[in-house]
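Report on the structure given below.
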Amino acid sequence: MRQWTAQGGAASAAASEIVYQPSGEVSALSPRGDGGRGVRGYKEKDLPPVSGEAGGSAGEYLSVKDFDISGLSDPSLEVSVGAGGSGNGSAGRAGGISYQADVAPSSVEPQWLYGMQGVTSARLPAAHWIAQIAKCRVQIESGSGMEPAYRSAGEIRVNSELGAAFEAVLTACSGRMSEMGGVYKIYVGAPDAPIAHIEDGDISSLAPQSFTPFLGLAETVNGITASYPSPDEVFALRSTPPLYSAEYEAEDGGRRLLANVQLSLVPFPAQAQRLVKGELEAARRARRHSFTLLPRFRLLEPGDTLTFTSVRNGFVGKLFRVDGIIDLPNADLIVDITEVDPADHGNWEPSTDYTDVTPAPIVPVVPVPQAVKGFDPVPMNVTDGTGAARRPGLLMQWDGSVEDVAGIKFQVRTAASGVVVARPQTRDFDEGSFLISGGILSAEAYEVRARYIPRSPRATLWTGWVTVAADAVELLPDEFGPEFWERLDVQASDAADNLFDNVAFALDQLAEVDIEGRVSETLEGIRRDGEVETVRDEVSKEVGDFKAEVAETYVTGASQTAAIAQVENKLSAEAGKLRSSITENHTAIVGPDGAISSLRRDLSADIEGVSADLSQKYTAIAGPEGAIASLKTELSSGIGDLEADLVQNYYTSADTDHAISAATVDLVSSVGDLTTNVSQVISSVDGVKGTYGLRINNNGVVTGFGLVSELIDGEATSTFTIQANKFIIASSSGTTTKSPFYVTDGQVFIKSAVIGEGTIGRAKITDEIESDNYTENSKGVPTAGIKLNFKTGEAKFAGLAISRPMVLASGSFTVSGTYHDGAAWSFINTGIRVGKQDVWQAQNVALVAVAAISSAATADGGFDPNNTFWTLTSVLQPGARWNGFPNNQPSAKWRKDPSNLVTPYWSSGTDQRVFMRVQLEAEGAYFVNPKINWTVFQVT
């Protein structure tokens with residue numbers, strides 16, 4: 001009770017307000033709060049009143065308001081009501097009242113949520129209930145301090161079942177409710193002290209007995225979890241840490257048998273864990289007896305505890321709980337008892353049994369935007385079958401083990417301008433790499449970044465721009481060989497043939513719809529299964545050869561599965577061979593396959609083979625598997641074998657597999673057997689492909705152009721195809737039209753071109769070519785640049801330099817001893833690997849060897865420094881070693897293989913070496929332990 005008011009009765013009435021009533025009676029107002037009015041006692045009937053009679057006593061009344069237990073901290077309420085004093089010819093004295101409780105007063109009026117207003121105190125024994133309340137108040141150490149053993153709190157809705165709500169309260173305190181003769185008692189937590197003791201002799205031997213030593217598998221529990229409302233998580237249900245027992249599982253044959261308990265009125269983590277532990281221990285008490293006791297045990301009630309000593313069963317003073325009692329006519333009673341142990345609910349050690357609970361945040365936690373892990377772009381070239389680099393590329397690398405990522409997308413921009421040149425993406429995220437080659441230029445610096453495509457909705461981040469430079473990969477002349485042009489011809493032919501495929505696909509789908517067929521089929525079905533009504537109205541007039549007619553037809557039909565409404569209007573006029581007509585048809589259908597709306601208009605005029613026609617058809621279809629909308633317009637004019645036609649198609653379609661928008665325009669003119677057709681197509685398919693094309697078919701010869709853009713492997717590719725015998729780009733300058741660019745029969749003619757950089761596979765030059773700085777003197781000698789005359793075969797170069805030295809191999813060796821003029825070292829191994837043919841016959845290469853002494857020179861005393869010289873003469877030795885290389889190395893150290901071996905591109909093998917001979921020429925000097933350095937050049 002959170003709020004209430006209480007007061008004694010008001011003072012009684014004054015003596016002057018004495019009323020006359022029969023003797024011994026009091027006012028009807030007493031004792032409802034106000035004091036009773038004065039009463040005159042009568043000794044004899046109809047005697048006059050005695051003046052000065054005393055006033056009535058004060059009433060005694062206690063009012064309790066707002067029966068709200070949610071804030072209750074102490075359920076005990078002590079109330080003392082004092083009797084009012086009698087007045088002595090004046091007002092009576094007010095009754096006294098006092099109360100003590102941990103609640104505050106309020107003026108809220110009382111409202112009963114449940115029944116039990118009529119339950120008397122005898123049916124709820126106060127002493128028993130107060131004892132159970134005391135057990136709930138016992139302070140138990142939790143994980144964060146002391147707390148009452150059992151508490152419950154929660155929301156109970158007005159429409160909740162009373163029994164379910166009370167069961168939740170009982171679960172919160174491991175409680176049981178017993179009822180005996182209309183008296184209700186509650187038992188909480190551990191069993192109470194025993195109130196009786198029985199032995200084998202107290203059991204009736206003539207009555208049946210039963211004994212259950214263990215529970216069945218379906219009722220056995222060896223682990224438990226519980227769900228409870230968490231106040232720190234807006235009272236969302238969360239689970240206690242699961243409680244397992246390896247000992248119990250072993251007893252149950254290695255099975256894990258879990259129970260899940262709902263603690264809907266226990267918003268206290270420590271209490272929830274204590275309840276789970278106690279209930280698991282109690283659930284292992286399986287011993288149960290049922291037998292008949294003698295009459296002296298008739299005071300036992302369900303919920304009581306007793307001790308049982310049984311020689312027959314082999315236990316002494318074992319504690320049991322009385323679960324049920326049946327009174328027999330002979331005063332005996334059948335009891336059902338179950339084994340209990342007070343330690344089940346008292347064996348709680350917070351330091352080991354309590355697991356701290358970290359509440360989940362009650363506000364939505366928005367994950368930090370996810371960045372790409374391990375992003376590392378590097379240059380990587382596209383190679384051919386031989387491993388030669390053919391195209392530059394950039395290899396995107398990332399950690400492919402990140403979970404919940406559907407794909408990854410990239411942006412590539414030039415480092416110099418910042419213009420984005422590629423936006424590829426891939427769904428093969430697990431691969432961890434993706435090669436980008438489209439749009440990547442040789443030796444160009446780029447900046448790239450990446451971003452996840454998440455599988456589940458969440459924020460992701462672009463990486464920072466990472467600079468990476470593509471390798472320098474040039475086009476090779478052999479790339480423009482005959483195979484290249486053959487492939488290009490095939491691609492051009494395929495592009496021209498496939499340009500109209502998307503539109504053809506869309507129009508084929510529309511043709512399959514067969515509106516007229518559906519209308520006829522629906523009408524036939526309704527006539528068979530439902531009702532169809534047709535109304536026709538005709539008006540006509542005829543004068544001589546002239547006739548005019550107007551007809552209207554209305555059709556409505558419905559069945560259990562379909563409905564149709566149709567209106568057709570027809571106007572016609574004719575006179576002899578002149579005819580004119582207008583027809584309009586409206587149709588609406590609904591059926592099991594969907595809904596169809598169509599509108600068709602036909603206009604026709606004809607006179608002796610000269611005709612003009614116009615037709616329009618609108619269609620809208622919607623069904624479970626897709627929707628179609630279309631418009632078709634046809635115009636036709638003809639006279640004899642001359643005919644002109646124009647057809648327009650507009651089409652949109654969406655189904656489970658495709659989404660298509662398409663439009664076509666066809667213009668046709670025919671004269672006899674000659675026909676020219678001009679077609680325009682526009683389409684958008686599935687959000688990944690777009691086309692635009694124009695085609696002219698002139699009696700079987702096709703020309704035109706087309707644009708196609710398509711998303712392939714996450715990267716948009718585009719093609720612009722032109723099919724024509726001649727392709728000319730012309731510019732207008734005043735009144736003169738100039739054509740700098742011309743293509744015909746597979747050849748390109750360019751009048752004048754400026755090419756910054758180019759690769760030429762094959763070329764035919766009919767005249768001459770020269771550098772832009774070429775000049776020559778009056779005698780025709782070049783002074784700057786280059787000039788090649790392909791007619792005369794003359795080549796002129798200013799500053800000609802045909803050859804250049806190239807180091808092929810180099811090395812050094814040191815010899816021990818003192819060496820003078822004439823010392824020589826032969827078969828010095830240069831490490832240049834060649835074959836036998838390279839040694840035994842001349843090659844189309846020129847090799848030059850040089851050598852020098854890099855150590856100090858020595859001269860005797862009195863030498864003339866002006867006449868002291870030395871040099872080394874180096875000569876290559878085309879020779880062979882008997883055993884070749886690399887077999888056992890020669891004895892002289894300069895004849896052994898050096899550390900660096902070289903294999904020239906012209907060598908036919910590697911079993912021999914190029915040798916060199918070095919000879920010392922010296923005047924006035926000699927050398928001690930000289931070091932000799934050598935180099936072999938290949939002249940090209």
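By convention in this document, the chains of the structure tokens carry letters A, B, ... by their order, each chain's residues are numbered from 1, and ligands are numbered from 1 in the order they are shown.
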Asp341 (chain A) environment, 8 Å, only C-alpha atoms, sequence neighbours closer than 5 positions dropped, as an MDAnalysis selection string: chainID A and resid 190:191 282 319
DSSP strand (DSSP E) residues within region 702-935 of chain A, listed as number ranges by chain: A: 702-712, 715-723, 726-733, 736-744, 747-750, 768-770, 775-776, 782-784, 786-789, 794-797, 805-814, 818-819, 824-834, 846-853, 869-877, 912-923, 927-928, 931-935
Exercise: region 869-885 of chain A partners within 10 Å, only C-alpha atoms, chain neighbours under 6 positions left out, as a PyMOL selection string: chain A and resi 820-828+830+833-836+838-842+847-853+857+896-897+910-927+932+934-936
Pick from A:Thr556, A:Thr691, A:Ser174, A:Asn900, whichever lies nearest to Val261 (chain A) using only C-alpha atoms: A:Ser174
Neighbour list for Ser204 (chain A) as a count of residues only, cut-off 10 Å, only C-alpha atoms, skip fewer than 3 positions in-chain: 12
Selection: 9 Å around Ala246 (chain A), only C-alpha atoms, excl. self and same-chain fewer than 3 positions, as a VMD selection string: chain A and resid 222 249 to 251 254 256
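Shell of Arg284 (chain A) at 9 Å, with only C-alpha atoms counted and residues fewer than 6 places along the chain excluded, is Phe214, Leu215, Thr220, Val221, Asn222 and Tyr248 of chain A.
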Residue subset to file, keeping C-alpha atoms, as a compact mmCIF listing (two decimals), in the first residue's frame:
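Ended up saving to out.txt:
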# COMPACT_ATOMS: atom_id res chain seq x y z
CA PHE A 214 14.02 -41.95 -10.03
CA LEU A 215 12.43 -39.83 -12.70
CA THR A 220 15.16 -35.69 -15.80
CA VAL A 221 17.10 -32.41 -15.75
CA ASN A 222 20.87 -32.00 -15.41
CA TYR A 248 24.86 -35.14 -13.31
Nearest residue to Ser401 (chain A) from the set A:Asn585, A:Val378, A:Gly799, A:Asp430 (distances using only C-alpha atoms): A:Asp430
Neighbour list for Leu603 (chain A) as a ChimeraX atom specification, cut-off 7 Å, only C-alpha atoms, skip fewer than 4 positions in-chain: /A:581-583,613-615
Please write the residues from the selection above to a file, keeping C-alpha atoms, as a short mmCIF file (atom, residue, chain, number, x, y, z; two decimals), in the first residue's frame.
data_model
loop_
_atom_site.label_atom_id
_atom_site.label_comp_id
_atom_site.auth_asym_id
_atom_site.auth_seq_id
_atom_site.Cartn_x
_atom_site.Cartn_y
_atom_site.Cartn_z
CA SER A 581 -13.88 2.97 -92.07
CA ILE A 582 -12.92 3.65 -88.45
CA THR A 583 -12.92 0.86 -85.85
CA ASP A 613 -4.27 2.65 -93.36
CA LEU A 614 -3.47 3.69 -89.83
CA SER A 615 -3.56 1.35 -86.83
#
One-decimal distance in Å that lies between CA of Ala445 (chain A) and CA of Val420 (chain A):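 Interatomic distance, CA of Val420 (chain A) to CA of Ala445 (chain A): 12.5 Å.
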Between CA of Met396 (chain A) and CA of Asn381 (chain A) - distance in Å to one decimal: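 Separation between CA of Asn381 (chain A) and CA of Met396 (chain A): 12.3 Å.
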Nearest candidate to Val743 (chain A) (options A:Asn725, A:Asn866, A:Ser144, A:Ser630; using only C-alpha atoms):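 Residue with the minimum atom-to-atom distance to Val743 (chain A): A:Asn725.
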Atom-to-atom span, CA of Thr305 (chain A) and CA of Asp202 (chain A), Å: 16.1 Å
DSSP alpha helix (DSSP H) selection over region 141-269 of chain A, as a ChimeraX atom specification: /A:162-172,246-251,269
Top pick for closest residue to Gly591 (chain A), considering A:Val668, A:Leu646, A:Val366, A:Ile526 and counting only C-alpha atoms: A:Ile526
Nearest residue to His128 (chain A) from the set A:Pro592, A:Arg287, A:Asp399, A:Gly303 (distances using only C-alpha atoms): A:Gly303
